[in-house]
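Each remark here refers to the structure printed beneath this line.
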Amino acid sequence: MTDNPDSNSIDASERTGARQGIQSVELAMGVIEALERGLGPMSLTQIANASGMAASKVHRYLVSLGRAGLIVQSGRSGLYDFGPAMRRLGIESLRRMDDVSVASEHLPTLRDRTGHSVNLAAWGDHGPVLVRWDYGAHALPITIRVGSTMPLLTSAIGHVYLAHLPETMVAPFLHDELESMGATAPDEDEVAALRSHVRQNGVATISGEVIPGVMSIAAPVFPAGQSIPLVVAVAIPAKIGSAEVVAAATEELLRATQAISEDFGSSGTVVERPA
């Protein structure tokens, strides 16, 4: 049987195409990465300059990305930012991390034992990111959406990361927060004292900073062999946050982080680290 001469050329074409990929997809990613590097909503001109592409070409990609829900344009400002589909992809990517899945399995038990809402955070590209929120029996005045980035200085989750991550890792985000706070920003000694307090106590507690009327207690859990923790937190309505309630919730939180650590194969003991 004689080979079809066209089949060889088709195979060669397919192999070449596989190596080359799809340029339009790569260019679309260039637009998305430009928006990522902008760290916030951007104009068409800003995205074009950051991606090195003509504005007219970038606009076409933004239209297609918008139809897919990956990019949205504000009707008020006209600026572009990541859309709901992008947030879902990011959250799902974080959720599929093995460590997050293991820790997530313990959250319903912590919620049921305390009666309060509980959440889990992982360290993302721009700071602590909420990757799970389980609602408790007590209504909260407001909740923060999964996928939100938490501040370092005004959230219990942020305090835990501030205390346990290397200063070089948190420095860029801390600098930005300090500048945005202006005259109310803590000085170096106050930040150092905050770090020391969290390390010594094993938990961070904040009331009413990120969510008015809500007290949050957070604690780290270190996957075996890793220096970047996940952070588990309990959210309590401030109106019922008596010393007894906080103490009981803190005890259950530490019990949960110990159980998670055991699942990770580590001791769960947090050793104070040098500043």
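A note on labels: chains of the structure tokens are A, B, ... as shown, every chain counts residues from 1, and ligands are counted from 1 in their shown order.
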
* Got a sec: who's within 9 Å of range 51-53 of chain A, counting only C-alpha atoms, leaving out chain neighbours fewer than 4 positions off, as a list in words? ->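 After dropping sequence-adjacent residues, the list is Leu27, Gly30, Val31, Ile32, Glu33, Ala34, Leu35, Gln46, Ile47, Lys57 and Val58 of chain A.
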
* Looking only at the backbone, which of the residues in range 28-187 of chain A does DSSP tag as alpha helix (DSSP H), as number ranges by chain? -> A: 28-37, 44-51, 55-67, 84-95, 98-104, 107-114, 156-164, 167-181

* **Nearby residues (only C-alpha atoms) at most 10 Å from Leu107 in chain A, same-chain spacing under 4 positions excluded, as a list in words** =>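 My reading of the contact set: Val102, Ala103, Arg111, Asp112, Arg113, Ser117, Val118, Asn119, Leu120, Arg132, Trp133, Asp134, Val232, Ala233, Val234, Leu253, Ala256, Thr257 and Ile260 of chain A.
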
* Residue among A:Ser56, A:Leu44, A:Ser64, A:Arg76 lying closest to Ala28 in chain A, counting only C-alpha atoms ->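 Looking at the shortest contact to Ala28 in chain A, the residue is A:Ser64.
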
* To do: Excluding range 201-215 of chain A and residues on its chain fewer than 4 positions from it, collect all residues at most 7 Å away from it, counting only C-alpha atoms, and give them as a PyMOL selection string.
  => chain A and resi 141-142+154-156+159-160+197+219+235-238

Write out the residues from the selection above, keeping all heavy atoms, as an mmCIF file, in the first residue's frame.
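Okay, this is what ended up in again-v2.cif:
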data_model
loop_
_atom_site.group_PDB
_atom_site.id
_atom_site.type_symbol
_atom_site.label_atom_id
_atom_site.label_comp_id
_atom_site.auth_asym_id
_atom_site.auth_seq_id
_atom_site.Cartn_x
_atom_site.Cartn_y
_atom_site.Cartn_z
ATOM 1 N N PRO A 141 -22.045 41.607 60.486
ATOM 2 C CA PRO A 141 -22.548 42.793 59.772
ATOM 3 C C PRO A 141 -22.109 42.837 58.319
ATOM 4 O O PRO A 141 -22.783 43.402 57.475
ATOM 5 C CB PRO A 141 -21.951 43.959 60.571
ATOM 6 C CG PRO A 141 -20.791 43.375 61.316
ATOM 7 C CD PRO A 141 -21.173 41.970 61.611
ATOM 8 N N ILE A 142 -20.980 42.243 58.032
ATOM 9 C CA ILE A 142 -20.463 42.195 56.657
ATOM 10 C C ILE A 142 -19.398 41.114 56.596
ATOM 11 O O ILE A 142 -18.776 40.795 57.615
ATOM 12 C CB ILE A 142 -19.880 43.563 56.221
ATOM 13 C CG1 ILE A 142 -19.541 43.564 54.725
ATOM 14 C CG2 ILE A 142 -18.658 43.913 57.052
ATOM 15 C CD1 ILE A 142 -19.087 44.921 54.214
ATOM 16 N N THR A 154 -3.795 45.808 59.572
ATOM 17 C CA THR A 154 -5.120 45.996 60.170
ATOM 18 C C THR A 154 -5.990 44.749 60.110
ATOM 19 O O THR A 154 -7.214 44.835 60.238
ATOM 20 C CB THR A 154 -5.852 47.171 59.488
ATOM 21 O OG1 THR A 154 -5.901 46.949 58.076
ATOM 22 C CG2 THR A 154 -5.148 48.488 59.778
ATOM 23 N N SER A 155 -5.396 43.584 59.914
ATOM 24 C CA SER A 155 -6.140 42.327 59.964
ATOM 25 C C SER A 155 -5.368 41.326 60.808
ATOM 26 O O SER A 155 -4.134 41.349 60.845
ATOM 27 C CB SER A 155 -6.378 41.769 58.556
ATOM 28 O OG SER A 155 -5.187 41.235 58.008
ATOM 29 N N ALA A 156 -6.097 40.452 61.494
ATOM 30 C CA ALA A 156 -5.436 39.422 62.299
ATOM 31 C C ALA A 156 -4.626 38.489 61.409
ATOM 32 O O ALA A 156 -3.517 38.078 61.767
ATOM 33 C CB ALA A 156 -6.481 38.644 63.092
ATOM 34 N N HIS A 159 -1.451 40.194 60.548
ATOM 35 C CA HIS A 159 -0.505 40.210 61.673
ATOM 36 C C HIS A 159 0.268 38.891 61.767
ATOM 37 O O HIS A 159 1.459 38.885 62.087
ATOM 38 C CB HIS A 159 -1.265 40.462 62.979
ATOM 39 C CG HIS A 159 -1.633 41.894 63.194
ATOM 40 N ND1 HIS A 159 -2.093 42.389 64.392
ATOM 41 C CD2 HIS A 159 -1.598 42.958 62.349
ATOM 42 C CE1 HIS A 159 -2.328 43.684 64.285
ATOM 43 N NE2 HIS A 159 -2.044 44.052 63.053
ATOM 44 N N VAL A 160 -0.422 37.790 61.505
ATOM 45 C CA VAL A 160 0.250 36.486 61.570
ATOM 46 C C VAL A 160 1.337 36.398 60.500
ATOM 47 O O VAL A 160 2.463 35.958 60.768
ATOM 48 C CB VAL A 160 -0.764 35.338 61.415
ATOM 49 C CG1 VAL A 160 -0.034 34.001 61.285
ATOM 50 C CG2 VAL A 160 -1.720 35.308 62.593
ATOM 51 N N HIS A 197 4.678 40.165 69.809
ATOM 52 C CA HIS A 197 3.480 39.786 70.554
ATOM 53 C C HIS A 197 2.806 38.574 69.918
ATOM 54 O O HIS A 197 2.399 37.636 70.621
ATOM 55 C CB HIS A 197 2.510 40.975 70.593
ATOM 56 C CG HIS A 197 1.230 40.675 71.301
ATOM 57 N ND1 HIS A 197 1.125 40.657 72.677
ATOM 58 C CD2 HIS A 197 -0.012 40.373 70.821
ATOM 59 C CE1 HIS A 197 -0.119 40.356 73.013
ATOM 60 N NE2 HIS A 197 -0.843 40.175 71.909
ATOM 61 N N ALA A 219 -4.403 32.274 63.576
ATOM 62 C CA ALA A 219 -3.214 31.506 63.978
ATOM 63 C C ALA A 219 -2.607 30.837 62.757
ATOM 64 O O ALA A 219 -3.318 30.470 61.822
ATOM 65 C CB ALA A 219 -3.582 30.459 65.028
ATOM 66 N N ALA A 235 -14.005 34.443 63.081
ATOM 67 C CA ALA A 235 -14.619 35.768 63.083
ATOM 68 C C ALA A 235 -15.797 35.779 64.050
ATOM 69 O O ALA A 235 -16.729 34.982 63.908
ATOM 70 C CB ALA A 235 -15.074 36.145 61.674
ATOM 71 N N ILE A 236 -15.749 36.687 65.033
ATOM 72 C CA ILE A 236 -16.750 36.746 66.093
ATOM 73 C C ILE A 236 -17.412 38.124 66.081
ATOM 74 O O ILE A 236 -16.711 39.142 66.027
ATOM 75 C CB ILE A 236 -16.097 36.512 67.473
ATOM 76 C CG1 ILE A 236 -15.350 35.171 67.495
ATOM 77 C CG2 ILE A 236 -17.120 36.587 68.594
ATOM 78 C CD1 ILE A 236 -14.518 34.974 68.756
ATOM 79 N N PRO A 237 -18.733 38.198 66.156
ATOM 80 C CA PRO A 237 -19.372 39.520 66.295
ATOM 81 C C PRO A 237 -18.857 40.213 67.550
ATOM 82 O O PRO A 237 -18.854 39.620 68.639
ATOM 83 C CB PRO A 237 -20.865 39.185 66.411
ATOM 84 C CG PRO A 237 -21.002 37.842 65.752
ATOM 85 C CD PRO A 237 -19.726 37.116 66.077
ATOM 86 N N ALA A 238 -18.417 41.446 67.421
ATOM 87 C CA ALA A 238 -17.797 42.139 68.553
ATOM 88 C C ALA A 238 -18.743 42.268 69.736
ATOM 89 O O ALA A 238 -18.304 42.256 70.894
ATOM 90 C CB ALA A 238 -17.324 43.520 68.103
#

* To do: Report the distance between CA of Ile71 in chain A and CA of Ala48 in chain A in Å, rounded to one decimal place.
  => 14.7 Å

* Asked: Pick from A:Gly40, A:Gly75, A:Gly241, A:Gly124: nearest to His138 in chain A, with only C-alpha atoms counted?
  -> A:Gly241
